[in-house]
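Visitor: Can you read through this structure? Questions will come right after.
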Amino acid sequence: MRRLAALTGEGVTEAIDNAVVERLARIEHTKSERARARLAALDAALARLGPRPPLDRKAIDEELYDEQGLPR
């Protein structure tokens with residue numbers, strides 16, 4: 001840290017504080033970039049699948065449950 005302080009002209013404490021702030025900013029930026037990339041991949045996959053038909057709750061219930069309301 002003394003080397004960083006000497007190179008930047010800052011005190012040791014200030015150099016440490018600034019280094020921590022800069023590293024946190026890089027980490028946060030990287031995480032948000034990865035999140036954006038995941039969302040873009042998800043959007044692309046959904047676009048390839050095309051529109052989905054609306055859910056038919058009655059048909060789902062009929063498939064899952066018998067006439068007495070018990071699971072099939």
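Identifiers in the structure tokens: chain A, B, ... in order shown; residue index from 1 per chain; ligand index from 1 in order shown.
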Would you please give, as a ChimeraX atom specification, all residues of chain A that DSSP assigns to alpha helix (DSSP H) based on the backbone?
Guide: /A:2-8,12-49,57-64
Visitor: Interatomic distance between atom CA of A:Arg36 and atom CA of A:Pro51?
Guide: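 Answer for the atom CA of A:Arg36 to atom CA of A:Pro51 separation: 22.3 Å.
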Visitor: Distance atom CA of A:Tyr65-atom CA of A:Pro53, one decimal place?
Guide: 21.8 Å
Visitor: Using only C-alpha atoms for the distances, tell me which of A:Arg52, A:Ala45, A:Arg2, A:Thr30 is nearest to A:Ile16.
Guide: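 For A:Ile16, the nearest of the given residues is A:Arg2.
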Visitor: Quote the spacing between atom CA of A:Lys58 and atom CA of A:Leu46 in Å to one decimal place.
Guide: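 So the two atoms, atom CA of A:Lys58 and atom CA of A:Leu46, lie 25.2 Å apart.
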Visitor: Could you give me, as a PyMOL selection string, the residues within 10 Å of A:Arg3, counting only C-alpha atoms and dropping anything in the same chain fewer than 6 positions from it?
Guide: chain A and resi 9+12+15
